[in-house]
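File shown: my_file06.txt. Contents: compact mmCIF, C-alpha atoms and all ligand atoms.
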# COMPACT_ATOMS: atom_id res chain seq x y z
CA MET V 1 0.00 0.00 0.00
CA GLU V 2 2.88 2.36 0.79
CA VAL V 3 4.52 2.09 -2.62
CA CYS V 4 1.38 3.10 -4.53
CA PRO V 5 1.81 6.77 -5.55
CA PHE V 6 -1.95 7.15 -6.13
CA GLU V 7 -3.30 5.54 -2.93
CA GLY V 8 -5.00 3.02 -5.19
CA ILE V 9 -4.66 0.04 -2.83
CA THR V 10 -6.74 -0.43 0.32
CA MET V 11 -7.24 -3.25 2.78
CA GLU V 12 -10.88 -4.21 3.33
CA GLY V 13 -11.64 -6.93 5.91
CA GLY V 14 -8.22 -8.50 5.48
CA GLN V 15 -8.55 -8.43 1.65
CA VAL V 16 -6.49 -6.25 -0.68
CA GLU V 17 -8.70 -4.03 -2.87
CA PHE V 18 -7.66 -1.95 -5.87
CA THR V 19 -9.69 1.28 -6.00
CA ASP V 20 -10.62 3.62 -8.87
CA ALA V 21 -7.52 5.65 -7.99
CA CYS V 22 -5.34 2.89 -9.53
CA ARG V 23 -3.57 4.20 -12.67
CA LEU V 24 -2.23 0.78 -13.76
CA CYS V 25 1.29 2.16 -13.28
CA ARG V 26 2.57 -1.29 -12.19
CA VAL V 27 4.69 0.06 -9.35
CA CYS V 28 3.01 -2.42 -6.99
CA ILE V 29 3.69 -5.32 -9.36
CA LYS V 30 7.40 -4.56 -9.32
CA ALA V 31 7.44 -3.94 -5.56
CA CYS V 32 5.43 -6.95 -4.40
CA PRO V 33 7.95 -9.31 -2.69
CA THR V 34 5.89 -12.44 -3.37
CA GLY V 35 4.79 -11.68 -6.95
CA ALA V 36 1.16 -11.83 -5.83
CA ILE V 37 0.00 -8.94 -8.04
CA TRP V 38 -0.35 -9.13 -11.82
CA LEU V 39 -2.20 -7.30 -14.55
CA GLU V 40 -4.42 -9.29 -16.84
CA GLN V 41 -4.09 -8.24 -20.44
CA SER V 42 -6.84 -9.89 -22.35
CA ASP V 43 -5.86 -8.54 -25.76
CA ALA V 44 -2.14 -8.23 -25.32
CA GLY V 45 -1.22 -10.58 -28.15
CA PRO V 46 0.98 -9.38 -30.99
CA ILE V 47 -0.50 -8.20 -34.26
CA LEU V 48 -0.49 -11.26 -36.40
CA GLU V 49 -0.29 -9.56 -39.77
CA ARG V 50 1.57 -6.38 -39.02
CA ASP V 51 3.00 -6.25 -42.56
CA LYS V 52 -0.50 -5.92 -43.99
CA TYR V 53 -0.65 -2.33 -42.71
CA LYS V 54 1.10 0.34 -44.68
CA ASP V 55 0.88 4.01 -45.68
CA VAL V 56 0.05 7.12 -43.69
CA LEU V 57 -3.58 8.24 -43.89
CA ILE V 58 -4.31 11.91 -43.26
CA PHE V 59 -7.75 13.26 -42.38
CA ALA V 60 -8.07 16.43 -44.48
CA GLU V 61 -10.20 18.87 -42.54
CA GLN V 62 -12.28 21.34 -44.52
CA ARG V 63 -14.42 24.12 -43.18
CA GLN V 64 -16.89 25.78 -45.54
CA GLY V 65 -14.96 24.21 -48.40
CA ARG V 66 -11.58 25.55 -47.26
CA ILE V 67 -8.91 23.03 -46.42
CA GLN V 68 -7.70 23.84 -42.92
CA PRO V 69 -3.96 24.66 -42.64
CA VAL V 70 -3.32 21.88 -40.12
CA THR V 71 -3.95 19.44 -42.99
CA TYR V 72 -0.83 20.64 -44.85
CA GLU V 73 1.18 20.32 -41.65
CA LEU V 74 -0.03 16.73 -41.18
CA ILE V 75 0.87 15.98 -44.80
CA GLY V 76 4.37 17.42 -44.21
CA LYS V 77 4.91 15.12 -41.23
CA GLY V 78 3.16 12.22 -42.97
CA LEU V 79 5.53 12.46 -45.95
CA GLU V 80 8.53 12.40 -43.61
CA LEU V 81 7.24 9.30 -41.78
CA ALA V 82 6.25 7.59 -45.02
CA ARG V 83 9.71 8.22 -46.51
CA CYS V 84 11.34 6.53 -43.50
CA LEU V 85 9.12 3.49 -43.97
CA GLY V 86 9.19 3.37 -47.78
CA GLN V 87 5.42 3.95 -47.76
CA GLU V 88 3.02 6.56 -49.15
CA VAL V 89 0.69 9.28 -47.89
CA ILE V 90 -3.00 8.98 -48.67
CA VAL V 91 -5.74 11.43 -47.75
CA PHE V 92 -9.41 11.24 -46.72
CA LEU V 93 -11.47 14.25 -47.82
CA ALA V 94 -15.24 14.56 -47.36
CA GLY V 95 -17.60 17.40 -48.17
CA ARG V 96 -19.49 18.91 -51.07
CA ASP V 97 -18.06 20.23 -54.37
CA LEU V 98 -14.50 19.62 -53.32
CA LYS V 99 -12.90 18.35 -56.54
CA ALA V 100 -10.70 21.42 -56.91
CA GLN V 101 -9.56 21.13 -53.29
CA ALA V 102 -8.81 17.42 -53.76
CA HIS V 103 -6.61 18.19 -56.78
CA GLU V 104 -4.95 21.00 -54.83
CA LEU V 105 -3.96 18.46 -52.15
CA LEU V 106 -2.09 16.46 -54.82
CA LEU V 107 0.27 19.41 -55.15
CA TYR V 108 1.61 18.62 -51.69
CA GLY V 109 3.07 15.27 -52.68
CA VAL V 110 0.35 12.84 -51.54
CA SER V 111 -0.21 9.68 -53.55
CA ARG V 112 -3.98 9.45 -53.43
CA VAL V 113 -6.92 11.53 -52.23
CA TYR V 114 -10.04 9.53 -51.41
CA LEU V 115 -12.84 11.98 -52.07
CA TYR V 116 -16.34 11.53 -50.64
CA GLU V 117 -18.83 14.09 -51.94
CA HIS V 118 -22.42 14.44 -50.81
CA LYS V 119 -24.60 17.34 -49.69
CA ALA V 120 -25.00 15.63 -46.32
CA LEU V 121 -21.22 15.80 -45.85
CA GLU V 122 -20.93 19.54 -46.52
CA HIS V 123 -20.44 20.32 -42.84
CA PHE V 124 -18.75 18.09 -40.32
CA ARG V 125 -21.17 15.55 -38.86
CA ILE V 126 -19.58 13.11 -36.52
CA GLU V 127 -21.49 9.91 -37.29
CA PRO V 128 -21.23 9.88 -41.10
CA TYR V 129 -17.62 11.07 -41.02
CA THR V 130 -16.74 8.32 -38.51
CA SER V 131 -18.41 5.60 -40.61
CA LEU V 132 -16.69 6.70 -43.83
CA ILE V 133 -13.22 6.90 -42.29
CA VAL V 134 -13.62 3.55 -40.57
CA ASP V 135 -14.66 1.98 -43.89
CA LEU V 136 -11.69 3.55 -45.67
CA VAL V 137 -9.31 2.29 -42.97
CA ASN V 138 -10.75 -1.20 -43.28
CA ASP V 139 -10.29 -1.06 -47.07
CA THR V 140 -6.82 0.48 -47.20
CA LEU V 141 -5.30 -0.80 -43.90
CA PRO V 142 -3.07 2.20 -43.15
CA ASN V 143 -0.20 1.87 -40.70
CA ILE V 144 -0.71 5.40 -39.32
CA LEU V 145 -3.74 7.72 -39.18
CA LEU V 146 -3.21 11.42 -38.37
CA MET V 147 -5.79 14.11 -37.60
CA GLY V 148 -5.57 17.74 -36.50
CA ALA V 149 -6.09 18.42 -32.80
CA THR V 150 -8.85 20.86 -33.75
CA PRO V 151 -12.38 20.76 -32.33
CA VAL V 152 -13.32 18.50 -35.27
CA GLY V 153 -10.30 16.21 -34.92
CA ARG V 154 -10.66 16.06 -31.17
CA SER V 155 -14.18 14.73 -31.39
CA LEU V 156 -13.64 12.52 -34.44
CA ALA V 157 -10.36 10.79 -33.53
CA PRO V 158 -11.53 9.09 -30.28
CA ARG V 159 -14.65 7.77 -32.00
CA VAL V 160 -12.69 6.37 -34.91
CA ALA V 161 -10.09 4.87 -32.54
CA ALA V 162 -12.81 3.22 -30.46
CA ARG V 163 -14.50 1.75 -33.55
CA LEU V 164 -11.19 0.42 -34.82
CA ARG V 165 -10.19 -0.77 -31.34
CA THR V 166 -6.84 0.92 -31.60
CA GLY V 167 -4.87 3.42 -29.53
CA LEU V 168 -4.85 7.18 -29.91
CA THR V 169 -2.37 9.76 -28.64
CA ALA V 170 -3.81 13.27 -28.52
CA ASP V 171 -1.90 16.53 -28.98
CA CYS V 172 1.44 15.08 -30.06
CA THR V 173 4.31 17.54 -30.24
CA SER V 174 6.61 15.20 -32.14
CA LEU V 175 6.22 12.03 -34.24
CA SER V 176 8.86 9.64 -35.53
CA VAL V 177 8.96 6.01 -36.62
CA LYS V 178 11.03 3.04 -35.61
CA GLU V 179 12.37 0.67 -38.25
CA ASN V 180 9.67 -1.87 -37.40
CA GLY V 181 6.97 0.66 -38.28
CA ASP V 182 6.03 1.63 -34.71
CA LEU V 183 5.06 5.28 -34.44
CA VAL V 184 6.75 7.05 -31.54
CA GLN V 185 4.19 9.58 -30.35
CA THR V 186 5.64 12.25 -28.07
CA ARG V 187 3.49 14.55 -25.96
CA PRO V 188 3.81 16.45 -22.70
CA ALA V 189 2.50 14.70 -19.61
CA PHE V 190 2.16 15.59 -15.94
CA GLY V 191 1.68 19.30 -16.63
CA GLY V 192 4.61 19.44 -19.06
CA ASP V 193 7.20 18.10 -16.59
CA VAL V 194 7.64 14.92 -18.61
CA MET V 195 7.69 14.30 -22.36
CA ALA V 196 5.97 10.94 -22.70
CA GLN V 197 6.82 8.67 -25.63
CA ILE V 198 3.89 6.45 -26.48
CA ILE V 199 3.81 3.54 -28.91
CA THR V 200 0.95 1.35 -30.09
CA PRO V 201 2.77 -1.91 -30.80
CA ARG V 202 -0.20 -4.28 -30.84
CA HIS V 203 -2.79 -2.40 -32.82
CA ARG V 204 -3.14 -0.72 -36.17
CA PRO V 205 -3.61 1.91 -37.41
CA GLN V 206 -1.55 3.95 -35.00
CA MET V 207 -3.56 7.11 -34.39
CA ALA V 208 -2.37 10.53 -33.30
CA THR V 209 -3.68 14.07 -33.30
CA VAL V 210 -1.40 17.07 -33.74
CA ARG V 211 -2.19 20.71 -33.06
CA HIS V 212 -2.11 23.42 -35.70
CA LYS V 213 1.31 25.12 -35.97
CA VAL V 214 3.23 22.40 -34.17
CA MET V 215 4.64 20.91 -37.37
CA ALA V 216 5.91 22.50 -40.56
CA SER V 217 3.66 22.47 -43.64
CA ALA V 218 4.52 20.34 -46.66
CA PRO V 219 5.96 22.49 -49.46
CA ARG V 220 3.75 23.02 -52.50
CA LEU V 221 5.14 21.33 -55.61
CA ALA V 222 5.11 22.72 -59.13
CA GLU V 223 3.45 19.59 -60.52
CA PRO V 224 0.81 17.44 -58.82
CA LYS V 225 1.59 13.85 -57.95
CA GLY V 226 -0.83 11.03 -57.42
CA GLU V 227 -4.54 10.74 -58.16
CA VAL V 228 -7.96 11.63 -56.82
CA LYS V 229 -10.17 8.61 -56.26
CA GLU V 230 -13.84 9.55 -56.15
CA CYS V 231 -15.58 7.21 -53.73
CA ALA V 232 -19.26 6.32 -53.83
CA VAL V 233 -21.07 7.36 -50.66
CA ASP V 234 -23.26 4.65 -49.21
CA GLU V 235 -26.48 6.43 -48.12
CA SER V 236 -26.81 4.12 -45.14
CA LYS V 237 -23.59 5.62 -43.77
CA LEU V 238 -25.07 9.10 -43.73
CA LYS V 239 -27.64 8.34 -41.05
CA SER V 240 -27.16 10.24 -37.85
CA GLY V 241 -28.95 10.22 -34.51
CA ILE V 242 -27.96 13.84 -34.06
CA ALA V 243 -30.29 16.35 -35.69
CA VAL V 244 -28.83 19.63 -36.93
CA LEU V 245 -31.46 22.23 -35.98
CA LYS V 246 -29.67 25.26 -37.33
CA PHE V 247 -26.34 25.86 -38.99
CA GLU V 248 -24.53 29.15 -38.49
CA PRO V 249 -21.38 29.68 -40.52
CA TYR V 250 -18.28 30.07 -38.42
CA GLN V 251 -16.85 33.58 -38.61
CA ILE V 252 -13.36 33.24 -40.00
CA THR V 253 -11.18 35.89 -38.32
CA THR V 254 -7.44 36.09 -37.79
CA SER V 255 -6.77 34.13 -34.66
CA ILE V 256 -3.55 34.05 -32.68
CA SER V 257 -2.78 30.73 -34.41
CA ASP V 258 -2.74 32.36 -37.84
CA ALA V 259 -1.32 35.81 -37.02
CA GLU V 260 2.19 36.65 -38.26
CA ILE V 261 2.81 38.80 -35.19
CA VAL V 262 1.42 38.07 -31.72
CA VAL V 263 1.60 40.49 -28.80
CA ALA V 264 1.07 38.54 -25.59
CA GLY V 265 0.26 39.83 -22.12
CA GLY V 266 0.89 38.04 -18.83
CA ARG V 267 0.20 38.56 -15.15
CA GLY V 268 2.67 41.46 -15.20
CA VAL V 269 -0.08 43.45 -16.95
CA GLY V 270 -1.52 43.80 -13.45
CA ARG V 271 -4.93 45.16 -14.39
CA PRO V 272 -7.43 44.51 -17.21
CA GLU V 273 -6.87 47.96 -18.77
CA GLY V 274 -3.26 46.93 -19.36
CA LEU V 275 -4.50 44.66 -22.11
CA LYS V 276 -5.91 47.68 -23.95
CA LEU V 277 -2.37 49.05 -24.14
CA LEU V 278 -1.10 45.77 -25.57
CA GLU V 279 -4.03 45.71 -27.99
CA GLN V 280 -2.86 49.09 -29.27
CA LEU V 281 0.61 47.68 -29.80
CA ALA V 282 -0.90 44.69 -31.61
CA VAL V 283 -2.86 47.05 -33.90
CA GLU V 284 0.28 49.09 -34.65
CA VAL V 285 2.27 46.02 -35.68
CA GLY V 286 -0.67 44.40 -37.50
CA GLY V 287 -0.79 41.47 -35.12
CA ALA V 288 -3.16 39.67 -32.78
CA LEU V 289 -3.35 39.79 -28.98
CA GLY V 290 -2.71 36.67 -26.89
CA VAL V 291 -2.46 36.05 -23.15
CA THR V 292 -1.17 33.64 -20.53
CA ARG V 293 -3.51 31.40 -18.61
CA PRO V 294 -3.81 33.51 -15.42
CA LEU V 295 -5.46 36.28 -17.46
CA VAL V 296 -8.06 33.85 -18.79
CA GLU V 297 -8.65 32.56 -15.27
CA GLN V 298 -9.13 36.16 -14.08
CA GLY V 299 -11.79 36.59 -16.77
CA TRP V 300 -9.78 39.37 -18.44
CA ALA V 301 -9.42 37.54 -21.74
CA ASP V 302 -11.21 34.87 -23.73
CA TYR V 303 -9.92 31.30 -23.72
CA THR V 304 -9.33 31.49 -27.49
CA MET V 305 -6.53 33.99 -26.70
CA GLN V 306 -4.63 31.67 -24.37
CA ILE V 307 -1.21 30.56 -25.59
CA GLY V 308 0.29 27.42 -24.18
CA MET V 309 -0.05 23.80 -23.34
CA SER V 310 -3.72 24.03 -22.41
CA GLY V 311 -4.38 26.85 -24.91
CA ARG V 312 -3.29 27.45 -28.49
CA THR V 313 0.05 26.74 -30.12
CA ILE V 314 1.38 29.61 -32.17
CA ARG V 315 4.23 29.91 -34.69
CA PRO V 316 4.24 33.59 -35.60
CA ARG V 317 7.15 35.35 -37.25
CA LEU V 318 7.35 37.62 -34.20
CA TYR V 319 6.15 37.10 -30.61
CA ILE V 320 6.24 40.04 -28.20
CA GLY V 321 5.72 38.89 -24.61
CA CYS V 322 4.97 41.58 -22.01
CA GLY V 323 4.94 40.79 -18.28
CA ILE V 324 5.28 37.07 -18.93
CA SER V 325 7.65 34.97 -16.81
CA GLY V 326 8.13 32.16 -19.35
CA ALA V 327 6.59 29.20 -17.50
CA ILE V 328 7.10 25.89 -19.31
CA GLN V 329 3.37 25.51 -19.98
CA HIS V 330 3.27 28.87 -21.76
CA VAL V 331 6.54 28.34 -23.61
CA ALA V 332 5.21 25.02 -24.95
CA GLY V 333 2.76 27.04 -27.03
CA MET V 334 5.09 29.75 -28.39
CA ARG V 335 8.60 28.40 -28.64
CA GLY V 336 8.09 27.85 -32.38
CA ALA V 337 7.99 31.64 -33.00
CA GLU V 338 10.69 32.80 -35.43
CA ALA V 339 11.66 35.77 -33.25
CA ILE V 340 10.88 36.14 -29.55
CA PHE V 341 10.94 39.58 -27.97
CA ALA V 342 10.37 39.77 -24.20
CA ILE V 343 9.69 42.72 -21.91
CA ASN V 344 9.94 41.93 -18.21
CA SER V 345 10.91 43.89 -15.11
CA ASP V 346 12.80 40.90 -13.68
CA PRO V 347 16.18 40.33 -15.39
CA ASN V 348 16.13 36.72 -14.16
CA ALA V 349 12.75 35.86 -15.68
CA PRO V 350 13.05 32.51 -17.56
CA ILE V 351 11.53 34.05 -20.70
CA PHE V 352 14.91 35.73 -21.30
CA ASP V 353 16.49 32.27 -21.66
CA ILE V 354 14.58 31.71 -24.89
CA ALA V 355 14.14 35.33 -26.08
CA HIS V 356 16.12 36.58 -29.08
CA TYR V 357 15.57 40.18 -27.95
CA GLY V 358 14.83 41.34 -24.43
CA LEU V 359 14.14 44.56 -22.58
CA VAL V 360 14.33 44.64 -18.78
CA GLY V 361 11.92 47.19 -17.42
CA ASP V 362 8.34 48.16 -16.66
CA MET V 363 6.08 47.37 -19.61
CA TYR V 364 4.00 50.47 -18.77
CA GLU V 365 7.06 52.58 -19.58
CA ILE V 366 8.36 50.55 -22.52
CA VAL V 367 5.19 49.73 -24.47
CA PRO V 368 3.90 53.34 -24.89
CA HIS V 369 7.40 54.25 -26.04
CA LEU V 370 7.41 51.41 -28.59
CA ILE V 371 3.99 52.45 -29.88
CA ALA V 372 5.19 56.03 -30.31
CA MET V 373 8.35 54.83 -32.10
CA ILE V 374 6.39 52.69 -34.51
CA ARG V 375 3.85 55.47 -35.20
CA GLU V 376 6.65 57.87 -35.97
CA GLY V 377 8.35 55.31 -38.19
CA ASP V 378 11.35 55.33 -35.87
CA ASP V 379 12.14 51.66 -36.20
CA PRO V 380 15.61 51.70 -37.70
CA ASN V 381 16.19 47.97 -37.53
CA GLY V 382 12.83 47.19 -39.08
CA VAL V 383 12.02 44.78 -36.24
CA PHE V 384 8.31 45.43 -36.61
CA GLN V 385 8.18 45.61 -40.39
CA LEU V 386 7.68 41.91 -40.87
CA SER V 387 4.35 41.85 -42.60
C1 LIG W 1 -1.59 21.83 -16.26
C2 LIG W 1 -1.24 23.28 -16.48
C3 LIG W 1 -1.46 23.83 -17.71
C4 LIG W 1 -1.13 25.17 -17.95
N1 LIG W 1 -1.34 25.69 -19.17
C5 LIG W 1 -0.96 26.94 -19.41
C6 LIG W 1 -1.11 27.50 -20.70
O1 LIG W 1 -1.63 26.89 -21.65
N2 LIG W 1 -0.70 28.78 -20.89
C7 LIG W 1 -0.15 29.53 -19.90
O2 LIG W 1 0.21 30.68 -20.17
N3 LIG W 1 -0.02 29.03 -18.67
C8 LIG W 1 -0.41 27.77 -18.39
N4 LIG W 1 -0.29 27.28 -17.13
C9 LIG W 1 0.13 28.21 -16.07
C10 LIG W 1 1.64 28.37 -15.98
O3 LIG W 1 2.17 27.37 -15.16
C11 LIG W 1 2.02 29.73 -15.40
O4 LIG W 1 1.41 29.88 -14.14
C12 LIG W 1 1.63 30.91 -16.25
O5 LIG W 1 2.05 30.74 -17.58
C13 LIG W 1 2.27 32.17 -15.70
O6 LIG W 1 1.75 33.26 -16.39
P1 LIG W 1 2.48 34.64 -16.39
O7 LIG W 1 3.84 34.52 -16.98
O8 LIG W 1 1.54 35.61 -17.01
O9 LIG W 1 2.57 35.02 -14.84
P2 LIG W 1 3.77 35.02 -13.82
O10 LIG W 1 4.49 33.74 -13.83
O11 LIG W 1 3.22 35.50 -12.53
O12 LIG W 1 4.78 36.12 -14.40
C14 LIG W 1 4.51 37.49 -14.43
C15 LIG W 1 5.78 38.17 -14.90
O13 LIG W 1 5.51 39.54 -15.10
C16 LIG W 1 6.64 40.29 -14.71
N5 LIG W 1 6.16 41.63 -14.40
C17 LIG W 1 5.42 42.06 -13.34
N6 LIG W 1 5.09 43.35 -13.48
C18 LIG W 1 5.69 43.78 -14.63
C19 LIG W 1 5.71 45.02 -15.34
N7 LIG W 1 5.05 46.10 -14.87
N8 LIG W 1 6.40 45.10 -16.49
C20 LIG W 1 7.07 44.02 -16.97
N9 LIG W 1 7.07 42.81 -16.36
C21 LIG W 1 6.37 42.68 -15.22
C22 LIG W 1 7.20 39.53 -13.51
O14 LIG W 1 8.58 39.79 -13.34
C23 LIG W 1 6.93 38.07 -13.92
O15 LIG W 1 8.07 37.53 -14.56
C24 LIG W 1 -0.60 25.95 -16.89
C25 LIG W 1 -0.40 25.37 -15.64
C26 LIG W 1 -0.71 24.05 -15.43
C27 LIG W 1 -0.47 23.47 -14.09

Please render this file's structure as structure tokens.
Amino acid sequence: MEVCPFEGITMEGGQVEFTDACRLCRVCIKACPTGAIWLEQSDAGPILERDKYKDVLIFAEQRQGRIQPVTYELIGKGLELARCLGQEVIVFLAGRDLKAQAHELLLYGVSRVYLYEHKALEHFRIEPYTSLIVDLVNDTLPNILLMGATPVGRSLAPRVAARLRTGLTADCTSLSVKENGDLVQTRPAFGGDVMAQIITPRHRPQMATVRHKVMASAPRLAEPKGEVKECAVDESKLKSGIAVLKFEPYQITTSISDAEIVVAGGRGVGRPEGLKLLEQLAVEVGGALGVTRPLVEQGWADYTMQIGMSGRTIRPRLYIGCGISGAIQHVAGMRGAEAIFAINSDPNAPIFDIAHYGLVGDMYEIVPHLIAMIREGDDPNGVFQLS
């Protein structure tokens, strides 16, 4: 009982009981002096026909007919994995009137786009999309299946994984393959203190979701490769127990994920009005405003503005962090920025360890000065003339 880090073992009437707190960490199995504890693994057998599974399947996400940028990032990573394995990248695309978009995807080096067109597939609907992907997986037997960690991917991937009885690693920050075809899925765990490496050795396909901006997009080629395969849609697969009462188009605005420049405010802002000052700076540099988690928790900013492990991942050309200490959970969401500029009153703030440019001082003195400089065009090094 003492060795269990989760207090998952109790003694009831002289009998050992494992409670819901048990995390199956196996510490007790290793520690038990008499070998009296074991874990039953009913389906732990090896995959019998592992070689039957090949290729990397990408779920191409479209919204109102526009392919979402995360798709090109998944293709970029998919091509890298496929090259290592001597396999190919294939794509699932569903929607309405998407032939042009399917052919556009071929310009990113994929071998085949499986296109499902039907008016009932115009907008994402979880049940039909799940059925179609599961059917395609059963037909093509991919080794790896990747989806974006977007609201769509986050609801679709677990359903597909459950139907296929395979594993799923959400929000991967890195993916690589072993020679035997196992996908090494890396993601932060325990609040970012540990980078966990997860493999799915006994099941296929190996499924992972990846957030937008975590991986580099595939380059666009001059000539398309591959083919578009138009797939017949079985009407019985379109049935859904969920009725759509009303559809309101999503307003597409520049979010922190897409902005070239992001001005971010942290707890050092001190008061909600401080964000107005940073908003002004964001307007001057043509960027978007982001925040750290404490500001969302205070109710000063919307969750969609949160940068970090439990918020959005950004990869802007320039990140300007004001009053931000540089906690690991925040850095996880912005370390991919091309240039990092930090303003902090504490010269020992960890953000300066990763910043390319830093100013030590009070943001309430520095930011108005910066705004004035930019307005007057006094920016000799062109630091803010990125866009
Ligand atoms: C599971 C988990 C998930 C998390 N996810 C996220 C996440 O997604 N995103 C996120 O941001 N955080 C996240 N956090 C919180 C994270 O650990 C930090 O607490 C948070 O990032 C700190 O925010 P901050 O830098 O704004 O505040 P602080 O750490 O308090 O830093 C404030 C900084 O402002 C400076 N400062 C003060 N006044 C001024 C001034 N006038 N001018 C200039 N500088 C000044 C100070 O020197 C200090 O360095 C998460 C935490 C956990 C446990």

Go through V:Arg112, V:Lys178, V:Arg163, V:His103 one by one, measure the shortest atom-to-atom distance of each to Cys84 of chain V using only C-alpha atoms, and give the residue with the smallest value.
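Smallest distance to Cys84 of chain V is found for V:Lys178.
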
Which value, in Å to one decimal, gives the distance between atom CA of Leu93 of chain V and atom CA of Ser255 of chain V?
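Spanning atom CA of Leu93 of chain V to atom CA of Ser255 of chain V is a straight-line distance of 24.3 Å.
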
Protein and nucleic acid residues near (-2.9, 1.9, -33.9) (cut-off 10 Å, only C-alpha atoms) as a list in words
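Within 10 Å of (-2.9, 1.9, -33.9), the protein and nucleic acid residues are Pro142, Asn143, Ile144, Leu145, Ala161, Leu164, Arg165, Thr166, Gly167, Leu168, Thr169, Asp182, Leu183, Ile199, Thr200, Pro201, Arg202, His203, Arg204, Pro205, Gln206, Met207 and Ala208 of chain V.
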
Selection as number ranges by chain: residues within 7 Å of ligand LIG 1 (chain W) by all atoms listed in the file
V: 191, 265-270, 291-294, 306-311, 322-330, 333, 343-346, 349, 361-364

Using the selection just defined, write its residues with C-alpha atoms as a PDB file, keeping the file's coordinate frame.
ATOM      1  CA  GLY V 191       1.680  19.300 -16.630  1.00  0.00           C
ATOM      2  CA  GLY V 265       0.260  39.830 -22.120  1.00  0.00           C
ATOM      3  CA  GLY V 266       0.890  38.040 -18.830  1.00  0.00           C
ATOM      4  CA  ARG V 267       0.200  38.560 -15.150  1.00  0.00           C
ATOM      5  CA  GLY V 268       2.670  41.460 -15.200  1.00  0.00           C
ATOM      6  CA  VAL V 269      -0.080  43.450 -16.950  1.00  0.00           C
ATOM      7  CA  GLY V 270      -1.520  43.800 -13.450  1.00  0.00           C
ATOM      8  CA  VAL V 291      -2.460  36.050 -23.150  1.00  0.00           C
ATOM      9  CA  THR V 292      -1.170  33.640 -20.530  1.00  0.00           C
ATOM     10  CA  ARG V 293      -3.510  31.400 -18.610  1.00  0.00           C
ATOM     11  CA  PRO V 294      -3.810  33.510 -15.420  1.00  0.00           C
ATOM     12  CA  GLN V 306      -4.630  31.670 -24.370  1.00  0.00           C
ATOM     13  CA  ILE V 307      -1.210  30.560 -25.590  1.00  0.00           C
ATOM     14  CA  GLY V 308       0.290  27.420 -24.180  1.00  0.00           C
ATOM     15  CA  MET V 309      -0.050  23.800 -23.340  1.00  0.00           C
ATOM     16  CA  SER V 310      -3.720  24.030 -22.410  1.00  0.00           C
ATOM     17  CA  GLY V 311      -4.380  26.850 -24.910  1.00  0.00           C
ATOM     18  CA  CYS V 322       4.970  41.580 -22.010  1.00  0.00           C
ATOM     19  CA  GLY V 323       4.940  40.790 -18.280  1.00  0.00           C
ATOM     20  CA  ILE V 324       5.280  37.070 -18.930  1.00  0.00           C
ATOM     21  CA  SER V 325       7.650  34.970 -16.810  1.00  0.00           C
ATOM     22  CA  GLY V 326       8.130  32.160 -19.350  1.00  0.00           C
ATOM     23  CA  ALA V 327       6.590  29.200 -17.500  1.00  0.00           C
ATOM     24  CA  ILE V 328       7.100  25.890 -19.310  1.00  0.00           C
ATOM     25  CA  GLN V 329       3.370  25.510 -19.980  1.00  0.00           C
ATOM     26  CA  HIS V 330       3.270  28.870 -21.760  1.00  0.00           C
ATOM     27  CA  GLY V 333       2.760  27.040 -27.030  1.00  0.00           C
ATOM     28  CA  ILE V 343       9.690  42.720 -21.910  1.00  0.00           C
ATOM     29  CA  ASN V 344       9.940  41.930 -18.210  1.00  0.00           C
ATOM     30  CA  SER V 345      10.910  43.890 -15.110  1.00  0.00           C
ATOM     31  CA  ASP V 346      12.800  40.900 -13.680  1.00  0.00           C
ATOM     32  CA  ALA V 349      12.750  35.860 -15.680  1.00  0.00           C
ATOM     33  CA  GLY V 361      11.920  47.190 -17.420  1.00  0.00           C
ATOM     34  CA  ASP V 362       8.340  48.160 -16.660  1.00  0.00           C
ATOM     35  CA  MET V 363       6.080  47.370 -19.610  1.00  0.00           C
ATOM     36  CA  TYR V 364       4.000  50.470 -18.770  1.00  0.00           C
TER      37      TYR V 364
END

List the neighbours of Gly358 of chain V out to 9 Å using all atoms listed in the file; skip same-chain residues closer than 3 positions along the sequence, and give me the result as a VMD selection string.
chain V and resid 340 to 344 351 to 352 355

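Distance-wise, atom CA of Leu105 of chain V and atom CA of Val134 of chain V end up 21.2 Å apart.
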
What is the atom CA of Ala264 of chain V-atom CA of Ala282 of chain V distance in Å, reported with one decimal?
8.8 Å

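Minimum atom-to-atom distance to His123 of chain V, evaluated using only C-alpha atoms, belongs to V:Val152 out of V:Val152, V:Leu359, V:Ala102, V:Cys25.
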
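Distance annotation: of V:Met147, V:Val177, V:Ala218, V:Cys28, the residue with the minimal separation from Ile198 of chain V is V:Val177; atom set is only C-alpha atoms.
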
Would you mind listing what lies within 8 Å of Glu73 of chain V as a list in words, with all atoms listed in the file counted and same-chain residues fewer than 4 positions away left out?
Pro69, Lys77, His212, Lys213, Met215, Ala216, Ser217 and Ala218 of chain V

List every protein, DNA or RNA residue with an atom no more than 12 Å from (-6.1, 9.1, -49.7) in the file's coordinates, counting only C-alpha atoms, and format the result as JSON, numbers by chain.
{"V": [55, 56, 57, 58, 59, 60, 75, 78, 88, 89, 90, 91, 92, 93, 94, 102, 103, 105, 106, 109, 110, 111, 112, 113, 114, 115, 116, 133, 136, 137, 139, 140, 141, 142, 145, 146, 226, 227, 228, 229, 230, 231]}

Please determine, counting all atoms listed in the file, which residue among V:Ala339, V:Ala259, V:Ile29, V:Leu295 has the shortest atom-to-atom distance to Ile314 of chain V.
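Going through V:Ala339, V:Ala259, V:Ile29, V:Leu295 one by one, the smallest distance to Ile314 of chain V is for V:Ala259.
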